[in-house]
Amino acid sequence: MNDSHFAAKKRVDHIMTAFFRFGAWFAVLLLIAFVGYVMVEGCRCLTADMLSFTEKGLFNTLYLVFLSLVFSAVGGIPAGVYLAEYAHKGHLVKGIRMAVETLSSLPSIVVGLFGYLVFIVIPHSEWNMLAGALTVSILMLPLLTSVTEDALRTLPESYRLSSYGLGASQWQTVLHVLLPAAFPRIMTGLIMAAGRGFGEAAALMFTAGMSTDIRWDDWDLCSPSCPLNPLRPSETLTLHIWALRTEALEANANEQAAACSAILMILVVSFSLIARYLSYRIDKKMGGN
Amino acid sequence: MNGLQKAIAKAHRNDRAAKILMTACGICVTLVPILIGLFLFYRGTDTFTLFSHSLTEFLFSGVWNPSDTAEGGGKVGAAMFITGSLAVCLLSLLLTLPFSMAAALFMTEIATPQVRRLLQPAIELFTGIPSVVYGFVGLTVLIPFLKSIFPMPFSFSLLAAGIVLAIMIFPTITTMSADALASVPQSWREASYGLGATRWETIVHVVIPAAKGGIATGIILGLARAMGEALAVAMVIGQMKVFPTSFFLPASTLTTAISADMGGAMEGGEYNAGLWTMALLLFLLSFAFIFLIHYIHDLATRKGEKKA
């Protein structure tokens, strides 16, 4: 009797182990098949005549992400420094933490509507890239703030003490000792934020616009077709996929969407691999000391 | 004043200026979500003040027929979008939970460390994949596939949206749960094995109860992501303005309604106001999710303190 009891227990254990193994591998294989499908389809469909648009979309995507990184770094990194170095424990810090957390969990379409209201409706402007970049920078802000704060907090206290010991002020310590030491981690955060920015679409629908008209030989910054003019409408790769799949005015819409998806996937995956590799290197270096 | 004194005075001045600047940036970051909330509130309450609809009408009425004019006079009942959002979220959660838990438990309890080191980054990689790519694959692969096995009148359906969202929130829930499971002390497992428990019994009676706070947080984060996702859902759900009565029929959610109609609705009109009210609702929901996470976290720490 006892034997069969143990046998039953063992059987249940084996069955559940098999179930977990199956579930995990099924999910992983599904994800791999997903990436494989997008890549293969995209590369198959990426023909020379399609490159003319995807090239513009790619440029818009990169330029927009670059602008929003600049905006969110200007706001987010000092905020992180404040939280790590200047803030005392109290209601203000608690409020800021709560705000950062709320910001990071807001649906991007809600942030997009806010951007539409503040950067398009109130200034009475047309859809433009600057509005899109500012909206995306709101989405990146919480990530950069918390990464900067964590990066500064993990630095050894002795860095600060030796800097103060040499007579440096707090600001000199932050600027010349702490920020350079934390730079690799902040860089990793920036790359992660960029990866997030590439995939953003819902926040851009009502801000960056669904059209693009750029000529590569036009370098007059005020002209609406100059690639570098941030006040022109700019359709990114993600918006292009959305427009192709919902409006589908063009005959080769499916192929174009596949090609754009593959390019986006390559961008996102390579940026996240770079971020991963960087943080692996940092951990190894820090662990080695 | 000699050079040294000048340098010191300058350093003090810079120090003060920097402190003010950093504090200002910190406060600005706090102001952003407050501003977002205020603007949404300002626009979203127009439905109730300007067009004098009641809150119960907005939440529980199924008649969505707002007029696209500033005079108003239509019906603003968002119940079908709200139920659509809830149905899609719950469906995706139900679909993804068995796989997420299996994957998280496999990584922490069964797999060798080498396999775990390979699996976890691979799964985390998927949190960054753009939602339109999920939508695109859902549209080109999932929908024809579903159509070939189920008799569906339209190929777009609640089920397709649920599956796409399930794939999207799988990495979030899995990584959060795996982190929670991994932080359960190894000695607890050893104690359980020492009492003669099998691995399955250890998982059910020791590891999962100890990690349930973290797992719940992961599930809520996944739900929040599913609730706020717009474009991937919009591409496969079919966007028919009806109540979600069947898995095989199209429906609409809060986010798909906003993304589809906001561009066309007249600024200052009743239609527009209704959509802003939905955005306000989404904002409040994501706020509620954060409070829920904090509540669970507080509950877990308080319980831990009592035991210690």
# chains A, B, ... in the order shown; residues from 1 in each chain; ligands from 1

call {"tool": "residues_around", "arguments": {"residues": "stretch 176-189 of chain A", "least_positions_apart": "4", "cutoff": "12 Å", "atoms": "only C-alpha atoms", "output": "PyMOL selection string"}}
result
chain A and resi 69+72-73+76-78+80-81+84-85+140-164+166+168-172+193-196+271-283+285-286

call {"tool": "closest_residue", "arguments": {"among": "B:Ala210, B:Val32, B:Met22, B:Ile258", "to": "B:Trp276", "atoms": "only C-alpha atoms"}}
result
B:Ile258

call {"tool": "closest_atom_pairs", "arguments": {"of": "chain B", "to": "chain A", "cutoff": "6 Å", "atoms": "only C-alpha atoms", "output": "JSON lines"}}
result
{"residue": "B:Asp15", "atom": "CA", "partner": "A:Trp171", "partner_atom": "CA", "distance": 5.0}
{"residue": "B:Met22", "atom": "CA", "partner": "A:Pro78", "partner_atom": "CA", "distance": 5.2}
{"residue": "B:Thr23", "atom": "CA", "partner": "A:Tyr82", "partner_atom": "CA", "distance": 5.9}
{"residue": "B:Cys25", "atom": "CA", "partner": "A:Ala79", "partner_atom": "CA", "distance": 5.0}
{"residue": "B:Gly26", "atom": "CA", "partner": "A:Ala79", "partner_atom": "CA", "distance": 4.2}
{"residue": "B:Thr30", "atom": "CA", "partner": "A:Ile96", "partner_atom": "CA", "distance": 5.1}
{"residue": "B:Pro33", "atom": "CA", "partner": "A:Leu103", "partner_atom": "CA", "distance": 5.8}
{"residue": "B:Phe99", "atom": "CA", "partner": "A:Gly23", "partner_atom": "CA", "distance": 5.2}
{"residue": "B:Ala102", "atom": "CA", "partner": "A:Phe20", "partner_atom": "CA", "distance": 4.4}
{"residue": "B:Ala103", "atom": "CA", "partner": "A:Ala24", "partner_atom": "CA", "distance": 3.9}
{"residue": "B:Phe106", "atom": "CA", "partner": "A:Phe20", "partner_atom": "CA", "distance": 5.6}
{"residue": "B:Pro130", "atom": "CA", "partner": "A:Gly199", "partner_atom": "CA", "distance": 4.1}
{"residue": "B:Val133", "atom": "CA", "partner": "A:Ser261", "partner_atom": "CA", "distance": 5.6}
{"residue": "B:Trp200", "atom": "CA", "partner": "A:Asp13", "partner_atom": "CA", "distance": 5.1}
{"residue": "B:Gly228", "atom": "CA", "partner": "A:Pro107", "partner_atom": "CA", "distance": 4.4}
{"residue": "B:Ala279", "atom": "CA", "partner": "A:Val110", "partner_atom": "CA", "distance": 5.9}

call {"tool": "residues_around", "arguments": {"residues": "B:Ile82", "least_positions_apart": "3", "cutoff": "12 Å", "atoms": "only C-alpha atoms", "output": "ChimeraX atom specification"}}
result
/B:58-62,64,77-79,85-89,227,241-244,251-257,277-279,281-282,285

call {"tool": "atom_distance", "arguments": {"atom1": "atom CA of B:Gly128", "atom2": "atom CA of B:Phe81"}}
result
27.0 Å
